[in-house]
file structure17.txt (compact mmCIF, C-alpha atoms and all ligand atoms)
# COMPACT_ATOMS: atom_id res chain seq x y z
CA MET A 1144 23.42 17.12 24.08
CA ASP A 1145 23.48 17.43 20.29
CA MET A 1146 27.09 17.13 19.15
CA SER A 1147 26.45 17.75 15.48
CA THR A 1148 27.82 20.79 13.65
CA ILE A 1149 25.63 22.89 11.39
CA ILE A 1150 27.15 25.40 8.99
CA LEU A 1151 25.35 28.03 6.92
CA GLY A 1152 27.34 28.79 3.76
CA ILE A 1153 27.02 31.94 1.64
CA GLU A 1154 28.53 32.38 -1.84
CA SER A 1155 28.39 35.62 -3.87
CA SER A 1156 31.73 35.83 -5.69
CA CYS A 1157 30.49 36.27 -9.25
CA ASP A 1158 26.97 36.13 -10.68
CA ASP A 1159 25.28 33.42 -8.60
CA THR A 1160 23.82 34.15 -5.18
CA SER A 1161 23.78 30.93 -3.19
CA ALA A 1162 23.20 29.70 0.35
CA SER A 1163 23.47 26.21 1.77
CA VAL A 1164 23.11 24.38 5.06
CA ILE A 1165 25.46 21.49 5.82
CA LYS A 1166 25.19 19.28 8.88
CA ASP A 1167 28.18 17.07 9.72
CA GLY A 1168 29.20 17.00 6.07
CA TYR A 1169 25.69 16.26 4.78
CA MET A 1170 24.02 18.83 2.57
CA LEU A 1171 20.53 19.72 3.76
CA SER A 1172 19.93 22.51 1.24
CA ASN A 1173 21.73 24.35 -1.56
CA ILE A 1174 19.73 27.29 -2.96
CA MET A 1175 20.87 29.20 -6.01
CA ALA A 1176 19.69 32.38 -7.67
CA SER A 1177 21.44 32.73 -11.01
CA GLN A 1178 21.50 36.15 -12.60
CA GLU A 1179 20.06 36.18 -16.09
CA VAL A 1180 20.65 39.91 -16.60
CA HIS A 1181 24.24 39.37 -17.84
CA ARG A 1182 23.35 37.08 -20.72
CA LYS A 1183 22.29 39.86 -23.07
CA TYR A 1184 25.55 41.73 -22.47
CA GLY A 1185 27.73 38.72 -23.29
CA GLY A 1186 29.53 38.78 -19.95
CA VAL A 1187 29.11 39.59 -16.28
CA ILE A 1188 28.53 43.29 -15.61
CA PRO A 1189 29.94 43.85 -12.09
CA GLU A 1190 27.59 46.69 -11.11
CA LEU A 1191 24.53 44.69 -12.10
CA ALA A 1192 25.86 41.62 -10.32
CA SER A 1193 26.25 43.47 -7.00
CA ARG A 1194 22.74 44.85 -7.24
CA ALA A 1195 21.22 41.45 -8.02
CA HIS A 1196 23.10 39.88 -5.09
CA GLN A 1197 21.70 42.62 -2.86
CA GLN A 1198 18.17 41.74 -4.01
CA ASN A 1199 18.61 37.97 -3.82
CA ILE A 1200 20.67 37.34 -0.73
CA LEU A 1201 18.03 37.55 2.00
CA PRO A 1202 15.44 35.34 0.25
CA VAL A 1203 18.15 32.84 -0.74
CA VAL A 1204 19.50 32.49 2.82
CA HIS A 1205 15.97 32.30 4.18
CA GLN A 1206 15.08 29.55 1.72
CA ALA A 1207 18.24 27.57 2.49
CA LEU A 1208 17.39 27.49 6.22
CA LYS A 1209 13.75 26.69 5.51
CA GLU A 1210 14.50 23.83 3.14
CA ALA A 1211 17.01 22.39 5.60
CA GLY A 1212 14.48 22.62 8.41
CA VAL A 1213 17.04 24.49 10.48
CA GLU A 1214 16.54 27.56 12.67
CA MET A 1215 19.24 30.20 12.76
CA SER A 1216 19.64 29.43 16.48
CA GLN A 1217 20.79 25.88 15.59
CA VAL A 1218 23.53 27.08 13.24
CA ASP A 1219 27.05 26.79 14.67
CA ALA A 1220 28.87 29.08 12.25
CA ILE A 1221 28.37 31.25 9.17
CA ALA A 1222 30.81 30.55 6.33
CA PHE A 1223 31.15 33.03 3.48
CA THR A 1224 33.31 33.50 0.39
CA ARG A 1225 36.00 36.10 1.09
CA GLY A 1226 37.52 35.85 -2.39
CA PRO A 1227 38.63 35.65 -5.12
CA GLY A 1228 35.90 37.21 -7.23
CA LEU A 1229 34.30 40.53 -8.13
CA LEU A 1230 34.75 42.96 -5.26
CA GLY A 1231 31.23 44.40 -5.38
CA SER A 1232 29.75 40.89 -5.43
CA LEU A 1233 31.95 39.66 -2.58
CA LEU A 1234 31.04 42.72 -0.52
CA VAL A 1235 27.37 41.77 -0.53
CA GLY A 1236 27.95 38.24 0.81
CA THR A 1237 30.64 39.37 3.25
CA SER A 1238 28.56 42.24 4.65
CA PHE A 1239 25.51 40.04 4.93
CA ALA A 1240 27.46 37.34 6.79
CA LYS A 1241 28.95 39.94 9.13
CA GLY A 1242 25.55 41.47 9.87
CA LEU A 1243 24.07 38.05 10.53
CA SER A 1244 26.98 37.17 12.80
CA LEU A 1245 26.61 40.40 14.73
CA ALA A 1246 22.87 39.93 15.13
CA THR A 1247 23.00 36.27 16.18
CA GLY A 1248 26.37 35.97 17.90
CA LYS A 1249 27.32 33.07 15.59
CA PRO A 1250 30.99 32.89 14.60
CA LEU A 1251 32.13 33.77 11.08
CA VAL A 1252 34.38 31.59 8.92
CA GLU A 1253 35.97 33.06 5.78
CA VAL A 1254 36.40 30.71 2.84
CA ASN A 1255 38.70 30.77 -0.18
CA HIS A 1256 36.42 30.16 -3.18
CA LEU A 1257 39.02 28.01 -4.95
CA GLN A 1258 39.47 25.79 -1.92
CA GLY A 1259 35.68 25.46 -1.90
CA HIS A 1260 35.62 24.18 -5.49
CA ILE A 1261 38.15 21.48 -4.60
CA LEU A 1262 36.59 20.48 -1.27
CA SER A 1263 33.17 20.16 -2.94
CA HIS A 1264 34.23 16.53 -3.42
CA PHE A 1265 33.59 16.00 0.31
CA ILE A 1266 29.95 17.12 0.25
CA GLN A 1267 27.71 14.19 1.11
CA GLU A 1268 23.97 13.94 0.64
CA PRO A 1269 21.54 12.07 2.88
CA GLY A 1270 20.63 8.70 1.40
CA LYS A 1271 23.34 8.79 -1.28
CA GLU A 1272 26.49 6.69 -1.14
CA LYS A 1273 29.59 8.42 -2.40
CA GLN A 1274 33.29 7.62 -2.41
CA LEU A 1275 35.29 10.48 -0.91
CA PRO A 1276 38.89 11.24 -1.87
CA THR A 1277 41.62 10.36 0.61
CA PHE A 1278 44.86 12.31 1.04
CA PRO A 1279 46.94 13.06 -0.85
CA PHE A 1280 45.08 13.67 -4.11
CA LEU A 1281 45.57 15.91 -7.13
CA ALA A 1282 42.92 18.41 -8.17
CA LEU A 1283 42.61 19.94 -11.61
CA LEU A 1284 40.80 23.18 -10.83
CA VAL A 1285 39.35 24.66 -14.00
CA SER A 1286 36.97 27.61 -13.95
CA GLY A 1287 36.24 30.94 -15.58
CA GLY A 1288 38.94 32.66 -13.56
CA HIS A 1289 41.47 29.92 -12.73
CA SER A 1290 43.30 26.90 -14.07
CA GLN A 1291 45.48 25.12 -11.56
CA ILE A 1292 46.87 21.74 -10.65
CA VAL A 1293 46.74 21.49 -6.88
CA ARG A 1294 48.18 18.87 -4.56
CA VAL A 1295 45.83 18.36 -1.60
CA ASP A 1296 47.50 16.84 1.48
CA ASP A 1297 44.73 17.53 3.96
CA TYR A 1298 41.44 19.44 4.13
CA LEU A 1299 43.32 22.68 4.59
CA LYS A 1300 46.74 21.80 3.22
CA PHE A 1301 47.08 22.71 -0.44
CA GLU A 1302 50.03 23.22 -2.75
CA VAL A 1303 49.66 24.75 -6.21
CA LEU A 1304 51.87 22.67 -8.54
CA GLY A 1305 50.96 24.57 -11.69
CA HIS A 1306 48.77 27.44 -12.82
CA THR A 1307 47.91 29.43 -15.92
CA ILE A 1308 50.24 32.28 -16.80
CA ASP A 1309 47.52 34.15 -18.74
CA ASP A 1310 43.87 33.24 -19.43
CA ALA A 1311 41.91 30.58 -17.58
CA VAL A 1312 40.58 27.67 -19.61
CA GLY A 1313 36.95 28.74 -18.98
CA GLU A 1314 37.90 32.14 -20.34
CA ALA A 1315 39.29 30.45 -23.47
CA PHE A 1316 35.99 28.62 -23.95
CA ASP A 1317 34.02 31.84 -23.45
CA LYS A 1318 36.21 34.08 -25.64
CA CYS A 1319 36.30 31.58 -28.48
CA ALA A 1320 32.55 31.13 -28.33
CA LYS A 1321 32.26 34.89 -28.62
CA ILE A 1322 34.53 34.94 -31.70
CA MET A 1323 32.17 32.45 -33.32
CA GLY A 1324 29.13 34.52 -32.43
CA LEU A 1325 27.81 32.06 -29.84
CA GLY A 1326 26.16 33.23 -26.61
CA TYR A 1327 27.46 33.69 -23.07
CA PRO A 1328 28.71 31.79 -21.18
CA GLY A 1329 30.26 29.99 -24.12
CA GLY A 1330 31.57 26.87 -22.36
CA PRO A 1331 28.28 24.96 -22.20
CA ILE A 1332 27.36 25.99 -25.77
CA VAL A 1333 30.69 24.79 -27.20
CA ASP A 1334 30.32 21.57 -25.20
CA LYS A 1335 26.89 20.90 -26.70
CA LEU A 1336 27.92 21.68 -30.30
CA ALA A 1337 31.14 19.67 -29.95
CA LYS A 1338 29.13 16.51 -29.33
CA GLU A 1339 27.94 16.58 -32.95
CA GLY A 1340 31.33 17.43 -34.41
CA ASP A 1341 34.54 15.76 -35.62
CA SER A 1342 37.31 16.65 -33.18
CA SER A 1343 40.12 15.59 -35.54
CA ARG A 1344 39.00 17.85 -38.40
CA PHE A 1345 40.99 20.98 -37.50
CA LYS A 1346 44.31 21.39 -35.68
CA PHE A 1347 45.18 24.26 -33.38
CA ALA A 1348 48.67 24.92 -32.12
CA LYS A 1349 49.37 23.96 -28.51
CA PRO A 1350 51.54 26.21 -26.33
CA HIS A 1351 54.98 25.18 -25.08
CA ILE A 1352 55.03 26.23 -21.47
CA PRO A 1353 57.54 24.77 -19.03
CA ASP A 1354 56.79 22.87 -15.80
CA LEU A 1355 53.18 22.24 -14.84
CA ASN A 1356 51.96 25.66 -15.92
CA TYR A 1357 49.35 26.47 -18.53
CA SER A 1358 48.73 29.12 -21.14
CA PHE A 1359 45.43 29.56 -22.95
CA SER A 1360 45.66 32.96 -24.60
CA GLY A 1361 47.51 31.71 -27.71
CA ILE A 1362 44.81 29.28 -28.74
CA LYS A 1363 42.30 32.11 -28.87
CA THR A 1364 44.53 34.03 -31.29
CA SER A 1365 45.13 30.86 -33.26
CA LEU A 1366 41.39 30.32 -33.65
CA LEU A 1367 40.84 33.96 -34.57
CA TYR A 1368 43.42 33.89 -37.42
CA PHE A 1369 42.26 30.49 -38.62
CA LEU A 1370 38.65 31.68 -38.88
CA ARG A 1371 39.65 34.97 -40.49
CA ASP A 1372 41.54 33.12 -43.24
CA GLN A 1373 38.77 30.60 -43.81
CA VAL A 1374 36.01 33.21 -43.89
CA LYS A 1375 37.94 35.05 -46.63
CA GLU A 1376 37.51 31.96 -48.84
CA ASN A 1377 34.02 31.09 -47.70
CA PRO A 1378 31.91 33.67 -45.82
CA ASN A 1379 29.72 30.86 -44.44
CA PHE A 1380 32.65 28.82 -43.15
CA ILE A 1381 31.80 29.23 -39.46
CA GLN A 1382 28.11 28.37 -39.82
CA GLU A 1383 28.83 25.41 -42.09
CA ASN A 1384 31.51 23.94 -39.84
CA MET A 1385 30.42 25.04 -36.39
CA ALA A 1386 30.25 21.60 -34.76
CA ASP A 1387 33.63 20.50 -36.14
CA ILE A 1388 35.29 23.76 -35.08
CA CYS A 1389 33.87 23.45 -31.56
CA ALA A 1390 34.86 19.77 -31.28
CA SER A 1391 38.40 20.39 -32.56
CA PHE A 1392 38.92 23.43 -30.43
CA GLN A 1393 37.53 21.75 -27.31
CA LYS A 1394 39.76 18.73 -27.90
CA THR A 1395 42.81 20.99 -28.08
CA LEU A 1396 41.92 22.59 -24.73
CA ILE A 1397 41.40 19.16 -23.15
CA ASP A 1398 44.69 17.87 -24.61
CA ILE A 1399 46.51 20.84 -23.07
CA LEU A 1400 44.87 20.21 -19.68
CA MET A 1401 45.60 16.48 -19.78
CA ASP A 1402 49.26 16.78 -20.83
CA LYS A 1403 50.15 18.63 -17.64
CA LEU A 1404 47.89 16.54 -15.47
CA LEU A 1405 49.64 13.37 -16.69
CA LYS A 1406 52.95 15.03 -15.96
CA ALA A 1407 51.80 15.93 -12.43
CA VAL A 1408 50.72 12.34 -11.75
CA LYS A 1409 54.12 11.11 -12.96
CA GLN A 1410 56.03 13.64 -10.86
CA THR A 1411 54.10 13.09 -7.64
CA GLY A 1412 53.16 9.43 -7.98
CA ILE A 1413 49.68 10.39 -6.75
CA LYS A 1414 47.00 8.43 -8.56
CA GLN A 1415 43.90 9.95 -7.06
CA VAL A 1416 42.73 12.65 -9.43
CA ALA A 1417 39.80 15.02 -9.00
CA ILE A 1418 38.44 17.73 -11.28
CA ALA A 1419 36.61 20.79 -10.01
CA GLY A 1420 35.30 24.19 -11.10
CA GLY A 1421 32.92 25.33 -13.83
CA VAL A 1422 34.82 23.69 -16.70
CA SER A 1423 34.65 20.30 -14.93
CA ALA A 1424 31.06 20.27 -16.25
CA ASN A 1425 32.49 19.79 -19.74
CA SER A 1426 31.46 16.40 -21.06
CA GLY A 1427 34.60 16.00 -23.18
CA LEU A 1428 36.84 16.61 -20.16
CA ARG A 1429 34.76 14.31 -17.96
CA ASP A 1430 34.97 11.47 -20.52
CA ARG A 1431 38.72 11.98 -20.92
CA ILE A 1432 39.45 11.94 -17.18
CA LYS A 1433 37.37 8.81 -16.86
CA SER A 1434 39.02 6.97 -19.76
CA GLU A 1435 42.58 8.04 -18.88
CA GLY A 1436 41.88 7.01 -15.30
CA GLU A 1437 40.71 3.57 -16.34
CA LYS A 1438 43.68 3.15 -18.63
CA ARG A 1439 46.24 4.25 -16.04
CA GLY A 1440 44.75 2.84 -12.86
CA TRP A 1441 43.82 6.16 -11.29
CA THR A 1442 40.94 6.69 -8.92
CA THR A 1443 39.08 9.61 -10.46
CA PHE A 1444 36.61 12.00 -8.85
CA ILE A 1445 34.20 13.70 -11.21
CA PRO A 1446 31.75 16.06 -9.50
CA GLU A 1447 28.03 16.01 -9.96
CA PHE A 1448 26.92 18.85 -12.25
CA LYS A 1449 25.37 20.83 -9.44
CA PHE A 1450 28.76 21.03 -7.71
CA THR A 1451 30.75 22.10 -10.77
CA THR A 1452 29.63 25.72 -10.97
CA ASP A 1453 29.58 28.19 -8.12
CA ASN A 1454 27.47 27.02 -5.17
CA ALA A 1455 27.30 27.65 -1.44
CA ALA A 1456 27.48 23.99 -0.42
CA MET A 1457 31.19 24.02 -1.28
CA ILE A 1458 31.61 27.10 0.92
CA ALA A 1459 29.71 25.45 3.78
CA ILE A 1460 31.76 22.22 3.63
CA THR A 1461 35.02 24.19 3.63
CA GLY A 1462 33.63 26.31 6.47
CA LEU A 1463 32.90 23.12 8.41
CA PHE A 1464 36.50 21.88 8.13
CA LYS A 1465 37.86 25.27 9.17
CA PHE A 1466 35.40 25.64 12.04
CA GLN A 1467 36.33 22.18 13.34
CA GLN A 1468 39.92 23.41 13.54
CA GLY A 1469 38.91 26.57 15.36
CA LEU A 1470 39.60 28.85 12.40
CA THR A 1471 37.06 31.62 12.82
CA THR A 1472 37.22 35.14 11.41
CA SER A 1473 36.85 38.49 13.15
CA LEU A 1474 34.16 41.02 12.24
CA ASP A 1475 36.61 43.46 10.65
CA VAL A 1476 37.28 41.08 7.74
CA ALA A 1477 37.09 42.57 4.21
CA PRO A 1478 36.78 40.70 0.91
CA ILE A 1479 39.74 40.23 -1.41
CA SER A 1480 39.19 40.10 -5.17
CA ARG A 1481 42.54 38.59 -6.24
CA ALA A 1482 43.39 34.92 -5.70
CA LEU A 1483 44.08 34.14 -2.07
CA GLU A 1484 46.85 31.87 -0.97
CA TYR A 1485 45.88 28.42 0.18
CA LYS A 1486 46.31 28.88 3.86
CA GLU A 1487 43.95 29.41 6.72
O1 LIG B 1501 33.51 27.94 -11.51
P1 LIG B 1501 32.66 28.83 -12.34
O2 LIG B 1501 31.17 28.67 -12.25
O3 LIG B 1501 32.97 30.32 -12.02
C1 LIG B 1501 34.27 30.74 -11.72
O4 LIG B 1501 34.65 30.62 -10.52
O5 LIG B 1501 34.94 31.17 -12.67
O6 LIG B 1501 33.14 28.64 -13.85
C2 LIG B 1501 32.53 29.31 -14.93
C3 LIG B 1501 33.19 28.87 -16.22
C4 LIG B 1501 32.77 29.66 -17.44
O7 LIG B 1501 33.93 30.05 -18.15
C5 LIG B 1501 31.94 28.65 -18.25
O8 LIG B 1501 31.99 28.86 -19.65
C6 LIG B 1501 32.62 27.36 -17.88
O9 LIG B 1501 32.88 27.48 -16.50
N1 LIG B 1501 31.77 26.19 -18.15
C7 LIG B 1501 32.04 25.26 -19.09
C8 LIG B 1501 30.97 24.34 -19.07
N2 LIG B 1501 30.08 24.74 -18.11
C9 LIG B 1501 30.58 25.87 -17.56
N3 LIG B 1501 33.08 25.13 -19.92
C10 LIG B 1501 33.09 24.08 -20.76
N4 LIG B 1501 32.09 23.17 -20.82
C11 LIG B 1501 31.02 23.25 -20.01
N5 LIG B 1501 30.04 22.32 -20.07
ZN ZN B 1502 33.98 29.35 -9.15

call {"tool": "encode", "arguments": {"input": "structure17.txt", "output": "structure tokens", "more": "lines below"}}
Ligand code: KG4
Ligand code: ZN
result
Amino acid sequence: MDMSTIILGIESSCDDTSASVIKDGYMLSNIMASQEVHRKYGGVIPELASRAHQQNILPVVHQALKEAGVEMSQVDAIAFTRGPGLLGSLLVGTSFAKGLSLATGKPLVEVNHLQGHILSHFIQEPGKEKQLPTFPFLALLVSGGHSQIVRVDDYLKFEVLGHTIDDAVGEAFDKCAKIMGLGYPGGPIVDKLAKEGDSSRFKFAKPHIPDLNYSFSGIKTSLLYFLRDQVKENPNFIQENMADICASFQKTLIDILMDKLLKAVKQTGIKQVAIAGGVSANSGLRDRIKSEGEKRGWTTFIPEFKFTTDNAAMIAITGLFKFQQGLTTSLDVAPISRALEYKE
């Protein structure tokens, strides 16, 4: 008898439709259809996102099974993102997963998208050696919608030690890029420009927020006023100093993230540190985590690029851990757009 466990994962929380097959922790496929339609609007348009998910989801799931060489009959459970995210987007993935479950009799497993980002560190790939985190570890979860420091005590045991009280750090990247007339999403563009710039050239005020919490809305205002004043003197200020502005501004965001992360390591004594979420693709942040880790004797976990942004492999791996503990979901489940609590 085959004792392996095969999970089909489905992710549709924002603007990427993705499906993945994971067998015993090993990723066999991870298919992604990114939606280009939003780029020209400078942000995700929810109605267009739902429609694109509706168009993409069947071919994406089909392709994920095909590439994995897996028949639907071999799948043990269907994992899907229940939230957080855009409701119309989540509805497409949730409804699809429910329909597939009803048609095939395979159990459903709901997954918290944020938990998925963190547990993406446990995805293994055939033929690739990889060090996995052990418990407990700290995760800095940084994305377009969230910024949290999370203590992870087990696959499904999470504690949020700190979180943003206003904007997420990815949002700060995106909004500031918009102020400077750069495209969407702004994070990767700022990252690229920052590489050519001098990060010590300009100073932006850092917020004073107690505990392990974050705030990123002030820095946006600070950049806005700074640019407004400079442009009054020199209308070409932004164009002439773009790389230095991006580098300085990015450094400020990374400093803010690192200050609280250092504090969390001190408070908990946990020296295993992982980063996750879309902003963990940022090369400045990756370099900083690596160098601070070397300096302070941490074991650091920096995800491969393909696991930083939204993907279904992270949903499938989380689904696997939940399924192994018997945590399945009934067919009357509905998506939830706000952040879910970290519990099963
Ligand atoms: O995790 P994600 O794909 O979606 C959410 O769950 O929010 O994160 C998207 C965010 C966007 O704000 C995007 O600008 C940011 O991640 N991002 C980056 C980089 N790549 C993506 N931010 C900074 N540097 C990057 N290289
Ligand atoms: Zn995400």

call {"tool": "atom_distance", "arguments": {"input": "structure17.txt", "atom1": "atom CA of Phe1369 of chain A", "atom2": "atom CA of Gly1421 of chain A"}}
result
27.0 Å

call {"tool": "residues_near_ligand", "arguments": {"input": "structure17.txt", "ligand": "ligand LIG 1501 (chain B)", "cutoff": "10 Å", "atoms": "only C-alpha atoms and all ligand atoms", "output": "ChimeraX atom specification"}}
result
/A:1156-1159,1186,1227-1228,1256-1257,1260,1284-1290,1311-1318,1320,1327-1335,1337,1393,1396-1397,1419-1429,1448,1450-1454

call {"tool": "atom_distance", "arguments": {"input": "structure17.txt", "atom1": "atom CA of Tyr1169 of chain A", "atom2": "atom CA of Ile1261 of chain A"}}
result
16.4 Å

call {"tool": "atom_distance", "arguments": {"input": "structure17.txt", "atom1": "atom CA of Ile1418 of chain A", "atom2": "atom CA of Ala1222 of chain A"}}
result
23.1 Å

call {"tool": "residues_around", "arguments": {"input": "structure17.txt", "residues": "Val1408 of chain A", "least_positions_apart": "6", "cutoff": "10 Å", "atoms": "only C-alpha atoms", "output": "VMD selection string"}}
result
chain A and resid 1280 to 1281 1414 to 1416 1441

call {"tool": "residues_around", "arguments": {"input": "structure17.txt", "residues": "Val1476 of chain A", "least_positions_apart": "3", "cutoff": "9 Å", "atoms": "all atoms listed in the file", "output": "PyMOL selection string"}}
result
chain A and resi 1225+1237+1241+1253+1472-1473

call {"tool": "closest_residue", "arguments": {"input": "structure17.txt", "among": "A:Ser1391, A:Gln1258, A:Asn1379, A:Ser1360", "to": "Leu1336 of chain A", "atoms": "all atoms listed in the file"}}
result
A:Ser1391

call {"tool": "residues_around", "arguments": {"input": "structure17.txt", "residues": "Pro1350 of chain A", "least_positions_apart": "2", "cutoff": "12 Å", "atoms": "all atoms listed in the file", "output": "count of residues only"}}
result
24

call {"tool": "residues_around", "arguments": {"input": "structure17.txt", "residues": "Pro1202 of chain A", "least_positions_apart": "6", "cutoff": "10 Å", "atoms": "only C-alpha atoms", "output": "list in words"}}
result
Ala1162, Ile1174 and Ala1176 of chain A

call {"tool": "closest_residue", "arguments": {"input": "structure17.txt", "among": "A:Ser1155, A:Asp1219, A:Leu1325, A:Lys1166", "to": "ligand ZN 1502 (chain B)", "atoms": "only C-alpha atoms and all ligand atoms"}}
result
A:Ser1155

call {"tool": "closest_residue", "arguments": {"input": "structure17.txt", "among": "A:Ser1147, A:Gln1178, A:Asn1255, A:Gln1274", "to": "ligand ZN 1502 (chain B)", "atoms": "all atoms listed in the file"}}
result
A:Asn1255

call {"tool": "closest_residue", "arguments": {"input": "structure17.txt", "among": "A:Phe1464, A:Ala1417, A:Ser1238, A:Lys1438", "to": "His1264 of chain A", "atoms": "all atoms listed in the file"}}
result
A:Ala1417

call {"tool": "residues_around", "arguments": {"input": "structure17.txt", "residues": "Leu1262 of chain A", "least_positions_apart": "5", "cutoff": "9 Å", "atoms": "all atoms listed in the file", "output": "list in words"}}
result
Leu1257, Tyr1298, Ala1419, Met1457, Ile1458, Ile1460 and Thr1461 of chain A

call {"tool": "closest_residue", "arguments": {"input": "structure17.txt", "among": "A:Pro1378, A:Gly1236, A:Gly1152, A:Gly1212", "to": "Gly1259 of chain A", "atoms": "only C-alpha atoms"}}
result
A:Gly1152

call {"tool": "closest_residue", "arguments": {"input": "structure17.txt", "among": "A:Ser1172, A:Ile1200, A:Phe1265, A:Gly1270", "to": "Asp1297 of chain A", "atoms": "all atoms listed in the file"}}
result
A:Phe1265

call {"tool": "axis_aligned_box", "arguments": {"input": "structure17.txt", "around": "segment 1338-1346 of chain A", "padding_each_side": "4 Å", "output": "AutoDock Vina command-line options"}}
result
--center_x 36.1 --center_y 18.5 --center_z -33.9 --size_x 24.4 --size_y 13.8 --size_z 17.1
